[in-house]
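Below is one structure; the comments refer to it alone.
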Amino acid sequence: MNPHTSDILTFIQFAKKGETSRKLRGLIEHIPLSDVMAWRDEDGLDLMHHVILGNNSELVAFLLQHNFFVRPHIPEVNPYSHLAALLGERALLQVLLQHRPDDYYPSKVSIRLPQSVIDSLAKNNKMNTSTVLNSTRLSGAGSTSSSSSSTSSSSSLPNNSTGNFYKTESLSELLKNLSNQATSPLDIASRAGHLQCVKVILNQCVLKKHSEDTLLDKSDYTLACIADSPLSLALLIHEQAPSREEWEGAVQVCLHYARPECLDLLLQQKRDTKQMFKGMNFYHVLYTYTSVQGASSYPKLAQTTEVLVKHGHKVGAKVPCRTYPMYSLLTHAFCFHDYSNTQYYIKALRILLKQGADPCFDEVKFEKRHPKFAASKITGRSAFSSALHCLLETVETYSKYLDSPTLAIKFVEDCAMVLMGNNASMNHVGHIGHSEKRTIQGTVLHQLAKSSVALGVNPAMVRCVLRHGADPNLKVDGKYAINVYFDRLFQKLSGKSKPAETGKYLKDSMTMCRLCMFMKPESIRDCLNIFVKDHGRALSDQLQTYVRAVRDELTRRSKQIHSLRDLSAWAVWTSCGCQSERVHGLKISSEFKTFILPMNF
């Protein structure tokens, strides 16, 4: 039994009558702080709970200023700010968050009010019902909780355009739903329909947390989006539709931070978006900016893509130039610091392809054919001739930041498999490289050969490309893929004053020469002649080492006599159009299929 129970009960009694701290401080100042903090009534409520229930903001401030119930103290039930938000007490909530700012974050401590308190609230008509979002979810995978709004992942989204976001929920139903989940005061205030409490949290906590964010226009709608709280955004829209400026600011935040639920609510307003972002499509904005926002944006990337699809945004948008959604995704998709996050980019890639995005759209040709559009091209990324050219060029660019190329190769394999399974052409001829003054052209295999100088020659990657129809016999701009590799390799090595990793590059060179296994003898001889003509007079001793080794290897392979089995396998492979799917469809044994497919590169 707490020896100070009598004084504490008297304090509570007068607090509920609205008495000031000046009159009541004598009742509590002589009690040890630990005794005040330890006191509980028969329902498990402490002194602060009772002062909050009495709606006495002055006494709440007095207790906190005198170090009662300050952080890190957390009650066993009914977190203080959560309780104030539930009751809709704006002044109380403001004081609590001022002294306990970390109360803003989600808490797993449950809301469990005694029945007597619930009955009292109902009797006084203080809070009989609340409102929550209608129970229609977004299609697709469930979302991940945000740090600021844990119930965002389980909140429901309206699937209509009427603005009818709400259904009625009784207090008892709300308490039941909140009892077994981590939640924040912002979500509680939103579910309970307490608009003023929502605004207090947004302007006191969210604005302060993101005070240095240049995107914030400080409107409540934008703050709700950056907090990733569709519940509070829906309440704000329900009370008053945002102005055009407020709406555009909120949409911008949703795209920059990948906020699918909030974006869905905003786009239901059916407002014109053609003039936003200088005419850029929303996919380009989403993919360009979420890549710099860190890991928190990645899990919701595919969901945000789905929202844009749902609201009719075209996945094949071409104007302004260099904003084609698929290529904007790929150029920002390589999460080199954490490979696990690339799965979300691949999910978004699948969505674009499913909706009809063309992996062979040539941005370079489009610019040449439409100079009017090219004049207003978007800076920040290059134009690409196909999705696979874009993929390989992007990974080559990122490779300079990697300690090992293994991660890059894994990323290429995963993305390439998706693209090649959706009609991406291995033999599409396009520009190689990403400089403005491009002169080199080639197929995807030519692009892979060029990129392999930076990534290393990976047999699995080459094998993957070959099995999907890449033809090493194709000569583009007077070069085979092998020639492109050595042109770029010698260009790289000629800039080094000392021999560098000679063993590694010699091994890669011999591996690249194995492409001859899938080339016609006349193509190999032609490739050799081009190589000798271009590099036969290499000046440095370092390059001469490579030239001799490659020349000898290509000469050997040009004269190689193939077995009848190899020739037969090659004949079947070419008759199947160099497509592994067709080989798998042949009514022959698995052993024969293994002979036919390019498995031994």
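Lettering and numbering for the structure tokens are positional, with chains as A, B, ... in the shown order, residues counted from 1 in each chain, and ligands counted from 1 in the shown order.
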As a list of chain:residue names, please: the residues near A:Asp526 (cut-off 9 Å, only C-alpha atoms, same-chain neighbours under 5 positions excluded).
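After dropping sequence-adjacent residues, the list is A:Tyr480, A:Pro521, A:Phe531.
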Using only N, CA, C and O atoms, please write the residues we just selected to a file, as a PDB file, in the first residue's frame.
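As written to disk, out_15.pdb reads:
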ATOM      1  N   TYR A 480      32.870  -7.008 -84.408  1.00  0.00           N
ATOM      2  CA  TYR A 480      32.175  -8.078 -83.688  1.00  0.00           C
ATOM      3  C   TYR A 480      32.255  -7.756 -82.195  1.00  0.00           C
ATOM      4  O   TYR A 480      33.025  -6.881 -81.775  1.00  0.00           O
ATOM      5  N   PRO A 521      33.361 -20.153 -88.813  1.00  0.00           N
ATOM      6  CA  PRO A 521      34.809 -20.004 -89.072  1.00  0.00           C
ATOM      7  C   PRO A 521      35.150 -18.720 -89.825  1.00  0.00           C
ATOM      8  O   PRO A 521      36.139 -18.053 -89.509  1.00  0.00           O
ATOM      9  N   PHE A 531      41.037  -7.424 -85.605  1.00  0.00           N
ATOM     10  CA  PHE A 531      41.839  -7.251 -84.402  1.00  0.00           C
ATOM     11  C   PHE A 531      43.279  -6.900 -84.747  1.00  0.00           C
ATOM     12  O   PHE A 531      43.872  -5.958 -84.170  1.00  0.00           O
TER      13      PHE A 531
END
Could you pull out the residues in stretch 288-521 of chain A that DSSP calls strand (DSSP E or B) from the backbone, as a ChimeraX atom specification?
/A:430-431,441-442,476,479
Test item, helix (DSSP H, G or I) assignment across stretch 319-525 of chain A, answer as JSON, numbers by chain
{"A": [325, 326, 327, 328, 329, 330, 331, 339, 340, 341, 342, 343, 344, 345, 346, 347, 348, 349, 350, 351, 352, 353, 354, 363, 364, 365, 366, 367, 368, 369, 371, 372, 373, 374, 387, 388, 389, 390, 391, 392, 393, 394, 395, 396, 397, 398, 399, 400, 401, 406, 407, 408, 409, 410, 411, 412, 413, 414, 415, 416, 417, 418, 419, 420, 444, 445, 446, 447, 448, 449, 450, 451, 452, 453, 454, 455, 459, 460, 461, 462, 463, 464, 465, 466, 467, 481, 482, 483, 484, 485, 486, 487, 488, 489, 490, 491, 492, 493, 494, 502, 503, 504, 505, 506, 507, 508, 509, 510, 511, 512, 513, 514, 515, 516, 517, 518, 521, 522, 523, 524, 525]}
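With only C-alpha atoms as the atoms that count, the minimum distance from A:Ser232 to the choices A:Gln196, A:Tyr104, A:Gly316, A:Val251 is reached by A:Gln196.
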Nearest to A:Gln441, chosen from A:Phe69, A:Phe366, A:Tyr289, A:Phe384, with only C-alpha atoms counted in the distances:
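Among A:Phe69, A:Phe366, A:Tyr289, A:Phe384, it is A:Phe384 that comes nearest to A:Gln441.
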Considering only C-alpha atoms, give me a table of residues in stretch 446-493 of chain A that are at most 10 Å from stretch 543-562 of chain A, with the closest atom pair and distance in Å for each, as CSV.
residue,atom,partner,partner_atom,distance
A:Phe486,CA,A:Val550,CA,9.1
A:Leu489,CA,A:Leu543,CA,9.7
A:Phe490,CA,A:Leu543,CA,6.9
A:Gln491,CA,A:Leu543,CA,9.9
A:Leu493,CA,A:Leu543,CA,7.5
Which residues are close to A:Ser219, i.e. within 9 Å by only C-alpha atoms, leaving aside same-chain residues fewer than 6 positions away? Reply as an MDAnalysis selection string.
chainID A and resid 203 246 249:250
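Using only C-alpha atoms, the smallest distance between any of A:Lys347, A:Asn529, A:Val572, A:Asp217 and A:Phe595 comes from A:Val572.
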Between atom CA of A:Arg467 and atom CA of A:Ser509, what is the distance in Å, rounded to a tenth?
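Atom CA of A:Arg467 sits 21.1 Å away from atom CA of A:Ser509.
Ranking A:Leu24, A:Ala15, A:Leu171, A:Ile524 by their shortest atom-to-atom distance to A:Leu53, with only C-alpha atoms included, puts A:Ala15 first.
Neighbouring residues of A:Ile8 at 12 Å or closer, counting only C-alpha atoms and skipping chain neighbours under 4 positions away, are A:Asn2, A:Pro3, A:His4, A:Ile12, A:Gln13, A:Phe14, A:Ala15, A:Leu24, A:Arg25, A:Gly26, A:Leu27, A:Ile28, A:Glu29, A:His30, A:Ile31, A:Pro32, A:Leu33, A:Asp35, A:Val36, A:Met37, A:Ala38, A:Trp39, A:Arg40, A:Asp41, A:Asp46, A:Leu47, A:Met48, A:His50, A:Val51.
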Atom CA of A:Met417 and atom CA of A:Lys587, how far apart in Å?
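Here the two named atoms are 24.6 Å from each other.
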With only C-alpha atoms counted and 6 Å as the cut-off, give the residues of stretch 182-256 of chain A in contact with stretch 105-112 of chain A, each with its shortest interatomic distance in Å and the pair that gives it, as CSV.
residue,atom,partner,partner_atom,distance
A:Ala182,CA,A:Lys108,CA,4.1
A:Thr183,CA,A:Pro106,CA,4.5
A:Ser184,CA,A:Pro106,CA,4.0
So the first atom is atom CA of A:Ala302 and the second is atom CA of A:Arg259; what is the distance between them in Å, to one decimal place?
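Computing the Euclidean distance for atom CA of A:Ala302 and atom CA of A:Arg259 yields 10.6 Å.
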With only C-alpha atoms as the counted atoms, please give the residues lying no more than 10 Å from A:Asn55, apart from itself and same-chain residues fewer than 2 positions off, as a ChimeraX atom specification.
/A:15-18,49-53,57-60,84,87,89-92
Skipping near chain neighbours, those fewer than 5 positions away, what residues fall within 12 Å of A:Ala258 using only C-alpha atoms, listed as a ChimeraX atom specification?
/A:143-144,146,225-228,250-253,263-264,282-283,285-308,344
Any chance you could export the current selection's N, CA, C and O atoms as a short mmCIF file (atom, residue, chain, number, x, y, z; two decimals), in the first residue's frame?
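Below is the file that was written, again.cif:
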data_model
loop_
_atom_site.label_atom_id
_atom_site.label_comp_id
_atom_site.auth_asym_id
_atom_site.auth_seq_id
_atom_site.Cartn_x
_atom_site.Cartn_y
_atom_site.Cartn_z
N SER A 143 2.03 -3.42 -47.79
CA SER A 143 3.10 -2.44 -47.63
C SER A 143 3.81 -2.63 -46.31
O SER A 143 3.40 -3.37 -45.44
N THR A 144 4.90 -1.93 -46.19
CA THR A 144 5.74 -2.00 -45.00
C THR A 144 5.50 -0.82 -44.11
O THR A 144 5.35 0.29 -44.56
N SER A 146 5.90 2.32 -41.84
CA SER A 146 6.88 3.40 -41.79
C SER A 146 7.25 3.66 -40.35
O SER A 146 6.58 3.26 -39.42
N CYS A 225 1.61 13.44 -45.82
CA CYS A 225 2.25 12.55 -46.79
C CYS A 225 3.67 12.20 -46.39
O CYS A 225 4.09 11.05 -46.49
N ILE A 226 4.41 13.20 -45.93
CA ILE A 226 5.80 12.91 -45.56
C ILE A 226 5.85 12.04 -44.30
O ILE A 226 6.80 11.29 -44.08
N ALA A 227 4.81 12.11 -43.47
CA ALA A 227 4.70 11.23 -42.31
C ALA A 227 4.20 9.84 -42.71
O ALA A 227 4.15 8.94 -41.87
N ASP A 228 3.84 9.68 -43.97
CA ASP A 228 3.30 8.42 -44.49
C ASP A 228 2.07 7.98 -43.69
O ASP A 228 1.96 6.84 -43.25
N ALA A 250 1.76 17.97 -52.07
CA ALA A 250 1.58 16.65 -51.45
C ALA A 250 1.92 15.53 -52.43
O ALA A 250 2.56 14.54 -52.06
N VAL A 251 1.51 15.69 -53.69
CA VAL A 251 1.83 14.68 -54.71
C VAL A 251 3.34 14.57 -54.89
O VAL A 251 3.90 13.47 -55.01
N GLN A 252 4.01 15.71 -54.90
CA GLN A 252 5.47 15.71 -55.06
C GLN A 252 6.14 14.91 -53.96
O GLN A 252 7.05 14.11 -54.22
N VAL A 253 5.72 15.10 -52.72
CA VAL A 253 6.28 14.35 -51.60
C VAL A 253 6.01 12.85 -51.77
O VAL A 253 6.89 12.02 -51.52
N LEU A 263 -0.59 8.73 -52.06
CA LEU A 263 -0.70 9.10 -53.47
C LEU A 263 -2.04 8.65 -54.04
O LEU A 263 -2.67 9.37 -54.82
N ASP A 264 -2.47 7.47 -53.66
CA ASP A 264 -3.76 6.96 -54.13
C ASP A 264 -4.90 7.89 -53.73
O ASP A 264 -5.79 8.20 -54.52
N PHE A 282 4.98 10.80 -64.14
CA PHE A 282 5.15 10.57 -62.71
C PHE A 282 6.09 9.40 -62.41
O PHE A 282 6.75 9.38 -61.37
N TYR A 283 6.16 8.42 -63.31
CA TYR A 283 7.08 7.29 -63.09
C TYR A 283 8.52 7.79 -63.05
O TYR A 283 9.31 7.37 -62.20
N VAL A 285 9.65 10.72 -62.27
CA VAL A 285 9.88 11.45 -61.02
C VAL A 285 10.06 10.46 -59.87
O VAL A 285 10.98 10.59 -59.05
N LEU A 286 9.20 9.47 -59.80
CA LEU A 286 9.25 8.46 -58.74
C LEU A 286 10.59 7.73 -58.74
O LEU A 286 11.26 7.64 -57.71
N TYR A 287 11.01 7.22 -59.88
CA TYR A 287 12.22 6.42 -59.94
C TYR A 287 13.49 7.25 -59.78
O TYR A 287 14.49 6.79 -59.23
N THR A 288 13.44 8.48 -60.24
CA THR A 288 14.62 9.34 -60.15
C THR A 288 14.92 9.73 -58.71
O THR A 288 16.08 9.73 -58.29
N TYR A 289 13.87 10.04 -57.95
CA TYR A 289 14.11 10.62 -56.63
C TYR A 289 14.08 9.62 -55.49
O TYR A 289 14.76 9.83 -54.48
N THR A 290 13.32 8.54 -55.61
CA THR A 290 13.31 7.58 -54.49
C THR A 290 14.66 6.90 -54.33
O THR A 290 14.99 6.44 -53.24
N SER A 291 15.46 6.88 -55.39
CA SER A 291 16.77 6.22 -55.29
C SER A 291 17.70 6.95 -54.34
O SER A 291 18.67 6.38 -53.86
N VAL A 292 17.43 8.22 -54.05
CA VAL A 292 18.31 8.98 -53.15
C VAL A 292 17.71 9.11 -51.75
O VAL A 292 18.31 9.75 -50.88
N GLN A 293 16.56 8.51 -51.52
CA GLN A 293 15.90 8.66 -50.22
C GLN A 293 16.25 7.55 -49.24
O GLN A 293 15.81 7.58 -48.10
N GLY A 294 17.03 6.56 -49.68
CA GLY A 294 17.44 5.53 -48.74
C GLY A 294 16.50 4.33 -48.73
O GLY A 294 15.50 4.28 -49.45
N ALA A 295 16.84 3.38 -47.87
CA ALA A 295 16.17 2.09 -47.87
C ALA A 295 14.68 2.18 -47.56
O ALA A 295 13.91 1.30 -47.95
N SER A 296 14.24 3.21 -46.85
CA SER A 296 12.84 3.28 -46.46
C SER A 296 11.91 3.42 -47.66
O SER A 296 10.73 3.06 -47.58
N SER A 297 12.42 3.93 -48.78
CA SER A 297 11.58 4.13 -49.96
C SER A 297 11.46 2.89 -50.82
O SER A 297 10.49 2.74 -51.56
N TYR A 298 12.45 2.00 -50.75
CA TYR A 298 12.48 0.87 -51.68
C TYR A 298 11.28 -0.07 -51.57
O TYR A 298 10.70 -0.43 -52.59
N PRO A 299 10.89 -0.51 -50.37
CA PRO A 299 9.82 -1.51 -50.29
C PRO A 299 8.49 -1.06 -50.90
O PRO A 299 7.70 -1.89 -51.31
N LYS A 300 8.26 0.25 -50.98
CA LYS A 300 6.98 0.73 -51.48
C LYS A 300 7.05 1.20 -52.94
O LYS A 300 6.09 1.75 -53.46
N LEU A 301 8.17 0.93 -53.58
CA LEU A 301 8.35 1.39 -54.96
C LEU A 301 7.36 0.71 -55.91
O LEU A 301 6.72 1.37 -56.73
N ALA A 302 7.25 -0.61 -55.80
CA ALA A 302 6.34 -1.34 -56.68
C ALA A 302 4.89 -0.94 -56.41
O ALA A 302 4.09 -0.81 -57.35
N GLN A 303 4.54 -0.74 -55.15
CA GLN A 303 3.18 -0.34 -54.82
C GLN A 303 2.84 1.02 -55.40
O GLN A 303 1.73 1.25 -55.89
N THR A 304 3.79 1.96 -55.32
CA THR A 304 3.56 3.28 -55.89
C THR A 304 3.41 3.19 -57.39
O THR A 304 2.60 3.92 -58.00
N THR A 305 4.18 2.31 -58.02
CA THR A 305 4.03 2.07 -59.45
C THR A 305 2.63 1.58 -59.76
O THR A 305 1.99 2.02 -60.73
N GLU A 306 2.12 0.67 -58.93
CA GLU A 306 0.76 0.15 -59.12
C GLU A 306 -0.28 1.25 -59.00
O GLU A 306 -1.28 1.26 -59.73
N VAL A 307 -0.06 2.17 -58.09
CA VAL A 307 -1.01 3.28 -57.92
C VAL A 307 -1.07 4.12 -59.19
O VAL A 307 -2.15 4.51 -59.66
N LEU A 308 0.09 4.41 -59.77
CA LEU A 308 0.12 5.21 -60.99
C LEU A 308 -0.57 4.47 -62.14
O LEU A 308 -1.29 5.09 -62.93
N TYR A 344 12.73 -4.94 -55.05
CA TYR A 344 11.60 -4.03 -55.21
C TYR A 344 11.63 -3.35 -56.57
O TYR A 344 10.58 -3.08 -57.17
#
Taking 2 positions as the minimum chain separation for residues in the same chain, which residues sit within 12 Å of stretch 355-358 of chain A when counting only C-alpha atoms? Answer as an mmCIF file with N, CA, C and O atoms, in the first residue's frame.
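Generated file (selection_25.cif):
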data_model
loop_
_atom_site.group_PDB
_atom_site.id
_atom_site.type_symbol
_atom_site.label_atom_id
_atom_site.label_comp_id
_atom_site.auth_asym_id
_atom_site.auth_seq_id
_atom_site.Cartn_x
_atom_site.Cartn_y
_atom_site.Cartn_z
ATOM 1 N N THR A 305 4.183 2.314 -58.022
ATOM 2 C CA THR A 305 4.031 2.075 -59.455
ATOM 3 C C THR A 305 2.626 1.579 -59.761
ATOM 4 O O THR A 305 1.986 2.017 -60.727
ATOM 5 N N GLU A 306 2.120 0.669 -58.930
ATOM 6 C CA GLU A 306 0.760 0.150 -59.122
ATOM 7 C C GLU A 306 -0.284 1.251 -59.003
ATOM 8 O O GLU A 306 -1.280 1.261 -59.731
ATOM 9 N N LEU A 308 0.094 4.408 -59.765
ATOM 10 C CA LEU A 308 0.122 5.208 -60.989
ATOM 11 C C LEU A 308 -0.571 4.474 -62.136
ATOM 12 O O LEU A 308 -1.292 5.090 -62.932
ATOM 13 N N VAL A 309 -0.349 3.176 -62.221
ATOM 14 C CA VAL A 309 -1.040 2.381 -63.239
ATOM 15 C C VAL A 309 -2.550 2.432 -63.015
ATOM 16 O O VAL A 309 -3.336 2.636 -63.943
ATOM 17 N N LYS A 310 -2.945 2.272 -61.768
ATOM 18 C CA LYS A 310 -4.368 2.281 -61.409
ATOM 19 C C LYS A 310 -5.050 3.570 -61.838
ATOM 20 O O LYS A 310 -6.214 3.552 -62.269
ATOM 21 N N GLY A 312 -4.261 5.464 -64.353
ATOM 22 C CA GLY A 312 -4.179 5.725 -65.784
ATOM 23 C C GLY A 312 -2.932 6.394 -66.290
ATOM 24 O O GLY A 312 -2.897 6.854 -67.438
ATOM 25 N N HIS A 313 -1.877 6.438 -65.514
ATOM 26 C CA HIS A 313 -0.627 7.034 -65.997
ATOM 27 C C HIS A 313 0.062 6.047 -66.946
ATOM 28 O O HIS A 313 0.240 4.874 -66.618
ATOM 29 N N LYS A 314 0.473 6.521 -68.113
ATOM 30 C CA LYS A 314 0.952 5.658 -69.186
ATOM 31 C C LYS A 314 2.394 5.203 -68.949
ATOM 32 O O LYS A 314 3.280 6.019 -68.721
ATOM 33 N N VAL A 315 2.600 3.889 -69.042
ATOM 34 C CA VAL A 315 3.948 3.342 -68.835
ATOM 35 C C VAL A 315 4.832 3.555 -70.063
ATOM 36 O O VAL A 315 6.040 3.329 -69.998
ATOM 37 N N GLY A 316 4.235 3.983 -71.189
ATOM 38 C CA GLY A 316 5.010 4.211 -72.399
ATOM 39 C C GLY A 316 5.246 5.675 -72.703
ATOM 40 O O GLY A 316 5.513 6.033 -73.860
ATOM 41 N N ALA A 317 5.179 6.521 -71.692
ATOM 42 C CA ALA A 317 5.367 7.962 -71.901
ATOM 43 C C ALA A 317 6.756 8.246 -72.462
ATOM 44 O O ALA A 317 7.755 7.773 -71.928
ATOM 45 N N LYS A 318 6.811 9.020 -73.544
ATOM 46 C CA LYS A 318 8.083 9.284 -74.241
ATOM 47 C C LYS A 318 8.517 10.744 -74.184
ATOM 48 O O LYS A 318 9.666 11.061 -74.466
ATOM 49 N N TYR A 324 11.519 7.994 -70.438
ATOM 50 C CA TYR A 324 10.811 6.721 -70.624
ATOM 51 C C TYR A 324 10.876 5.942 -69.310
ATOM 52 O O TYR A 324 11.965 5.675 -68.784
ATOM 53 N N PRO A 325 9.730 5.592 -68.742
ATOM 54 C CA PRO A 325 9.701 5.050 -67.373
ATOM 55 C C PRO A 325 10.628 3.869 -67.120
ATOM 56 O O PRO A 325 11.328 3.831 -66.099
ATOM 57 N N MET A 326 10.648 2.903 -68.028
ATOM 58 C CA MET A 326 11.457 1.712 -67.779
ATOM 59 C C MET A 326 12.936 2.041 -67.669
ATOM 60 O O MET A 326 13.643 1.514 -66.800
ATOM 61 N N TYR A 327 13.415 2.927 -68.519
ATOM 62 C CA TYR A 327 14.836 3.264 -68.502
ATOM 63 C C TYR A 327 15.170 4.165 -67.317
ATOM 64 O O TYR A 327 16.275 4.086 -66.756
ATOM 65 N N LEU A 329 13.725 3.818 -64.477
ATOM 66 C CA LEU A 329 13.785 2.835 -63.385
ATOM 67 C C LEU A 329 15.139 2.142 -63.361
ATOM 68 O O LEU A 329 15.799 2.079 -62.321
ATOM 69 N N ALA A 348 8.842 -3.614 -59.657
ATOM 70 C CA ALA A 348 8.341 -2.479 -60.429
ATOM 71 C C ALA A 348 8.570 -2.700 -61.923
ATOM 72 O O ALA A 348 7.710 -2.361 -62.749
ATOM 73 N N LEU A 349 9.704 -3.288 -62.275
ATOM 74 C CA LEU A 349 10.006 -3.585 -63.672
ATOM 75 C C LEU A 349 8.974 -4.550 -64.253
ATOM 76 O O LEU A 349 8.486 -4.369 -65.380
ATOM 77 N N ARG A 350 8.614 -5.552 -63.496
ATOM 78 C CA ARG A 350 7.605 -6.524 -63.945
ATOM 79 C C ARG A 350 6.253 -5.838 -64.185
ATOM 80 O O ARG A 350 5.530 -6.172 -65.135
ATOM 81 N N ILE A 351 5.911 -4.903 -63.319
ATOM 82 C CA ILE A 351 4.632 -4.196 -63.469
ATOM 83 C C ILE A 351 4.615 -3.403 -64.765
ATOM 84 O O ILE A 351 3.632 -3.430 -65.519
ATOM 85 N N LEU A 352 5.704 -2.680 -65.044
ATOM 86 C CA LEU A 352 5.779 -1.896 -66.280
ATOM 87 C C LEU A 352 5.660 -2.794 -67.504
ATOM 88 O O LEU A 352 4.938 -2.467 -68.465
ATOM 89 N N LEU A 353 6.350 -3.916 -67.484
ATOM 90 C CA LEU A 353 6.296 -4.840 -68.620
ATOM 91 C C LEU A 353 4.902 -5.435 -68.788
ATOM 92 O O LEU A 353 4.390 -5.557 -69.908
ATOM 93 N N CYS A 360 12.267 -2.657 -76.053
ATOM 94 C CA CYS A 360 13.105 -2.345 -77.209
ATOM 95 C C CYS A 360 12.868 -0.919 -77.727
ATOM 96 O O CYS A 360 13.295 -0.583 -78.838
ATOM 97 N N PHE A 361 12.200 -0.090 -76.954
ATOM 98 C CA PHE A 361 11.990 1.293 -77.379
ATOM 99 C C PHE A 361 13.346 2.004 -77.454
ATOM 100 O O PHE A 361 14.136 1.958 -76.517
ATOM 101 N N ASP A 362 13.600 2.653 -78.587
ATOM 102 C CA ASP A 362 14.893 3.299 -78.826
ATOM 103 C C ASP A 362 14.757 4.805 -78.609
ATOM 104 O O ASP A 362 14.269 5.544 -79.478
ATOM 105 N N GLU A 363 15.207 5.270 -77.460
ATOM 106 C CA GLU A 363 15.135 6.696 -77.145
ATOM 107 C C GLU A 363 16.023 7.519 -78.077
ATOM 108 O O GLU A 363 15.677 8.658 -78.431
ATOM 109 N N SER A 385 19.085 2.833 -76.186
ATOM 110 C CA SER A 385 18.493 2.192 -77.356
ATOM 111 C C SER A 385 17.607 1.000 -77.010
ATOM 112 O O SER A 385 16.812 0.572 -77.838
ATOM 113 N N SER A 386 17.763 0.444 -75.834
ATOM 114 C CA SER A 386 16.895 -0.647 -75.389
ATOM 115 C C SER A 386 17.076 -0.818 -73.888
ATOM 116 O O SER A 386 18.009 -0.260 -73.292
ATOM 117 N N ALA A 387 16.197 -1.591 -73.302
ATOM 118 C CA ALA A 387 16.279 -1.810 -71.860
ATOM 119 C C ALA A 387 17.565 -2.537 -71.473
ATOM 120 O O ALA A 387 18.177 -2.246 -70.447
ATOM 121 N N LEU A 388 17.995 -3.484 -72.314
ATOM 122 C CA LEU A 388 19.212 -4.233 -71.993
ATOM 123 C C LEU A 388 20.458 -3.380 -72.180
ATOM 124 O O LEU A 388 21.419 -3.489 -71.401
ATOM 125 N N LEU A 419 13.651 -9.145 -68.390
ATOM 126 C CA LEU A 419 13.515 -8.472 -69.685
ATOM 127 C C LEU A 419 13.469 -9.456 -70.844
ATOM 128 O O LEU A 419 12.648 -9.326 -71.756
ATOM 129 N N MET A 420 14.347 -10.450 -70.793
ATOM 130 C CA MET A 420 14.396 -11.417 -71.892
ATOM 131 C C MET A 420 13.165 -12.314 -71.915
ATOM 132 O O MET A 420 12.822 -12.885 -72.945
ATOM 133 N N ASN A 422 10.333 -11.086 -71.569
ATOM 134 C CA ASN A 422 9.276 -10.185 -72.035
ATOM 135 C C ASN A 422 9.648 -9.530 -73.361
ATOM 136 O O ASN A 422 9.465 -8.332 -73.559
ATOM 137 N N ASN A 423 10.192 -10.373 -74.262
ATOM 138 C CA ASN A 423 10.429 -9.977 -75.657
ATOM 139 C C ASN A 423 11.519 -8.928 -75.846
ATOM 140 O O ASN A 423 11.510 -8.204 -76.850
ATOM 141 N N ALA A 424 12.445 -8.831 -74.917
ATOM 142 C CA ALA A 424 13.608 -7.975 -75.164
ATOM 143 C C ALA A 424 14.490 -8.655 -76.198
ATOM 144 O O ALA A 424 14.771 -9.841 -76.096
ATOM 145 N N SER A 425 14.910 -7.919 -77.212
ATOM 146 C CA SER A 425 15.688 -8.491 -78.301
ATOM 147 C C SER A 425 17.181 -8.413 -78.014
ATOM 148 O O SER A 425 17.719 -7.345 -77.739
#
